[in-house]
Amino acid sequence: MYDRLVALWGPQQWWPAQSAFEVVIGAYLTQNTAWTSVERSIANLRAGGILSFEGLCAIPEDELRQLIRPSGFMLRKAHALKAFVAFLDAQHGGRMESLARAASADALAVRAQLLALPGVGPETADAILLYALHVPAMVVDEYLRRIVTRHGLLQEKARYLEIQALAEKAFLPDASSQSTRELARHYNEFHALMVQIGKLHCGRVARCERCPLTFDLQRHGLPQNPK
DNA sequence: CGCCAGGCCGTGT
DNA sequence: ACACGGCATGGC
């Protein structure tokens, strides 16, 4: 799937952000939210000079809520973002570079720290690890879950870690010849392509008609989309 | 108007 | 351990 989509669409240039800190903001804001809505919030934050550790620390939570309003869940997300900068301040002096060094040394430990923060589940933690800290952590979103289960690669009941293990395994054969950074680049590109194809062809119920991946289903005799 | 969006969390079994 | 509903807003 990866090779086919790379050949079809090429590099996706993800994550759409101008700094590691901005990646984190976007990772929180895009939770169950259309990216077009996140862009509005990001624009509000940029106009207010809030797209930085210092800016986010300085703004009162109730004002932050109004700026991120377009991307929904404003009470939770404002509180969660404040909790993140408190964590970054306490553990890393407010510096993303420090957090990145920690993640490079022990990715699982940093993942656990992120998961302990309010409003951070497995996908947000891995998105931060991959896109902001450049650690090879596969991001499993709803689109990848649908693609994997609808192709019969895993059962419908498959959970996050099982899907993640399957996706990471697909990049393993030549892992010995890859640097960690190169592996992260492939994870990055793969997830970006999954989201792209998901937006076009993977609705909640079905909408898989002209998906370029269903072509593979027919060729290899895998189960058709169940719905 | 109804469904959907790049999840997460508290609650009930 | 899981299923389920709420969280907020905007696009189509």
# chains A, B, ... in the order shown; residues from 1 in each chain; ligands from 1
call {"tool": "interface_residues", "arguments": {"of": "chain A", "to": "chain C", "cutoff": "10 Å", "atoms": "only C-alpha atoms (C1' of nucleotides)", "output": "PyMOL selection string"}}
result
chain A and resi 33-34+36-37+68-76
call {"tool": "write_last_selection", "arguments": {"atoms": "N, CA and C atoms", "output": "PDB file, in the first residue's frame"}}
result
ATOM      1  N   THR A  33     -11.661  16.293  14.847  1.00  0.00           N
ATOM      2  CA  THR A  33     -11.981  17.615  14.301  1.00  0.00           C
ATOM      3  C   THR A  33     -11.363  17.757  12.907  1.00  0.00           C
ATOM      4  N   ALA A  34     -12.115  18.352  11.987  1.00  0.00           N
ATOM      5  CA  ALA A  34     -11.613  18.555  10.626  1.00  0.00           C
ATOM      6  C   ALA A  34     -10.424  19.520  10.644  1.00  0.00           C
ATOM      7  N   THR A  36      -9.489  21.667   8.517  1.00  0.00           N
ATOM      8  CA  THR A  36      -9.847  23.031   8.093  1.00  0.00           C
ATOM      9  C   THR A  36     -10.279  23.867   9.291  1.00  0.00           C
ATOM     10  N   SER A  37     -10.925  23.220  10.263  1.00  0.00           N
ATOM     11  CA  SER A  37     -11.312  23.932  11.482  1.00  0.00           C
ATOM     12  C   SER A  37     -10.100  24.240  12.347  1.00  0.00           C
ATOM     13  N   ILE A  68      -9.353  29.070  20.222  1.00  0.00           N
ATOM     14  CA  ILE A  68      -9.405  27.720  19.641  1.00  0.00           C
ATOM     15  C   ILE A  68     -10.841  27.269  19.406  1.00  0.00           C
ATOM     16  N   ARG A  69     -11.762  28.150  19.608  1.00  0.00           N
ATOM     17  CA  ARG A  69     -13.177  27.810  19.482  1.00  0.00           C
ATOM     18  C   ARG A  69     -13.533  27.124  18.157  1.00  0.00           C
ATOM     19  N   PRO A  70     -12.982  27.560  17.016  1.00  0.00           N
ATOM     20  CA  PRO A  70     -13.373  26.943  15.747  1.00  0.00           C
ATOM     21  C   PRO A  70     -13.116  25.440  15.680  1.00  0.00           C
ATOM     22  N   SER A  71     -12.176  24.925  16.441  1.00  0.00           N
ATOM     23  CA  SER A  71     -11.874  23.496  16.354  1.00  0.00           C
ATOM     24  C   SER A  71     -12.568  22.665  17.429  1.00  0.00           C
ATOM     25  N   GLY A  72     -13.510  23.261  18.148  1.00  0.00           N
ATOM     26  CA  GLY A  72     -14.368  22.480  19.024  1.00  0.00           C
ATOM     27  C   GLY A  72     -13.749  22.004  20.323  1.00  0.00           C
ATOM     28  N   PHE A  73     -14.579  21.460  21.192  1.00  0.00           N
ATOM     29  CA  PHE A  73     -14.127  20.917  22.494  1.00  0.00           C
ATOM     30  C   PHE A  73     -13.239  21.905  23.217  1.00  0.00           C
ATOM     31  N   MET A  74     -13.626  23.180  23.192  1.00  0.00           N
ATOM     32  CA  MET A  74     -12.700  24.228  23.635  1.00  0.00           C
ATOM     33  C   MET A  74     -12.342  24.145  25.113  1.00  0.00           C
ATOM     34  N   LEU A  75     -13.276  23.700  25.964  1.00  0.00           N
ATOM     35  CA  LEU A  75     -12.970  23.612  27.394  1.00  0.00           C
ATOM     36  C   LEU A  75     -11.876  22.584  27.636  1.00  0.00           C
ATOM     37  N   ARG A  76     -12.072  21.385  27.094  1.00  0.00           N
ATOM     38  CA  ARG A  76     -11.082  20.322  27.272  1.00  0.00           C
ATOM     39  C   ARG A  76      -9.745  20.659  26.653  1.00  0.00           C
TER      40      ARG A  76
END
call {"tool": "interface_residues", "arguments": {"of": "chain A", "to": "chain B", "cutoff": "8 Å", "atoms": "only C-alpha atoms (C1' of nucleotides)", "output": "ChimeraX atom specification"}}
result
/A:30-35,119-121,123,141-142,195,204
call {"tool": "residues_around", "arguments": {"residues": "segment 42-50 of chain A", "least_positions_apart": "6", "cutoff": "10 Å", "atoms": "only C-alpha atoms (C1' of nucleotides)", "output": "PyMOL selection string"}}
result
chain A and resi 17+22+25-26+29+36+56-59+64+66-71
call {"tool": "residues_around", "arguments": {"residues": "segment 186-189 of chain A", "least_positions_apart": "3", "cutoff": "6 Å", "atoms": "only C-alpha atoms (C1' of nucleotides)", "output": "PyMOL selection string"}}
result
chain A and resi 138+183+192
call {"tool": "select_by_dssp", "arguments": {"residues": "chain A", "states": "alpha helix (DSSP H)", "output": "PyMOL selection string"}}
result
chain A and resi 2-9+20-29+35-47+53-58+61-67+74-92+96-105+107-115+122-127+142-150+160-169+180-201+214-220
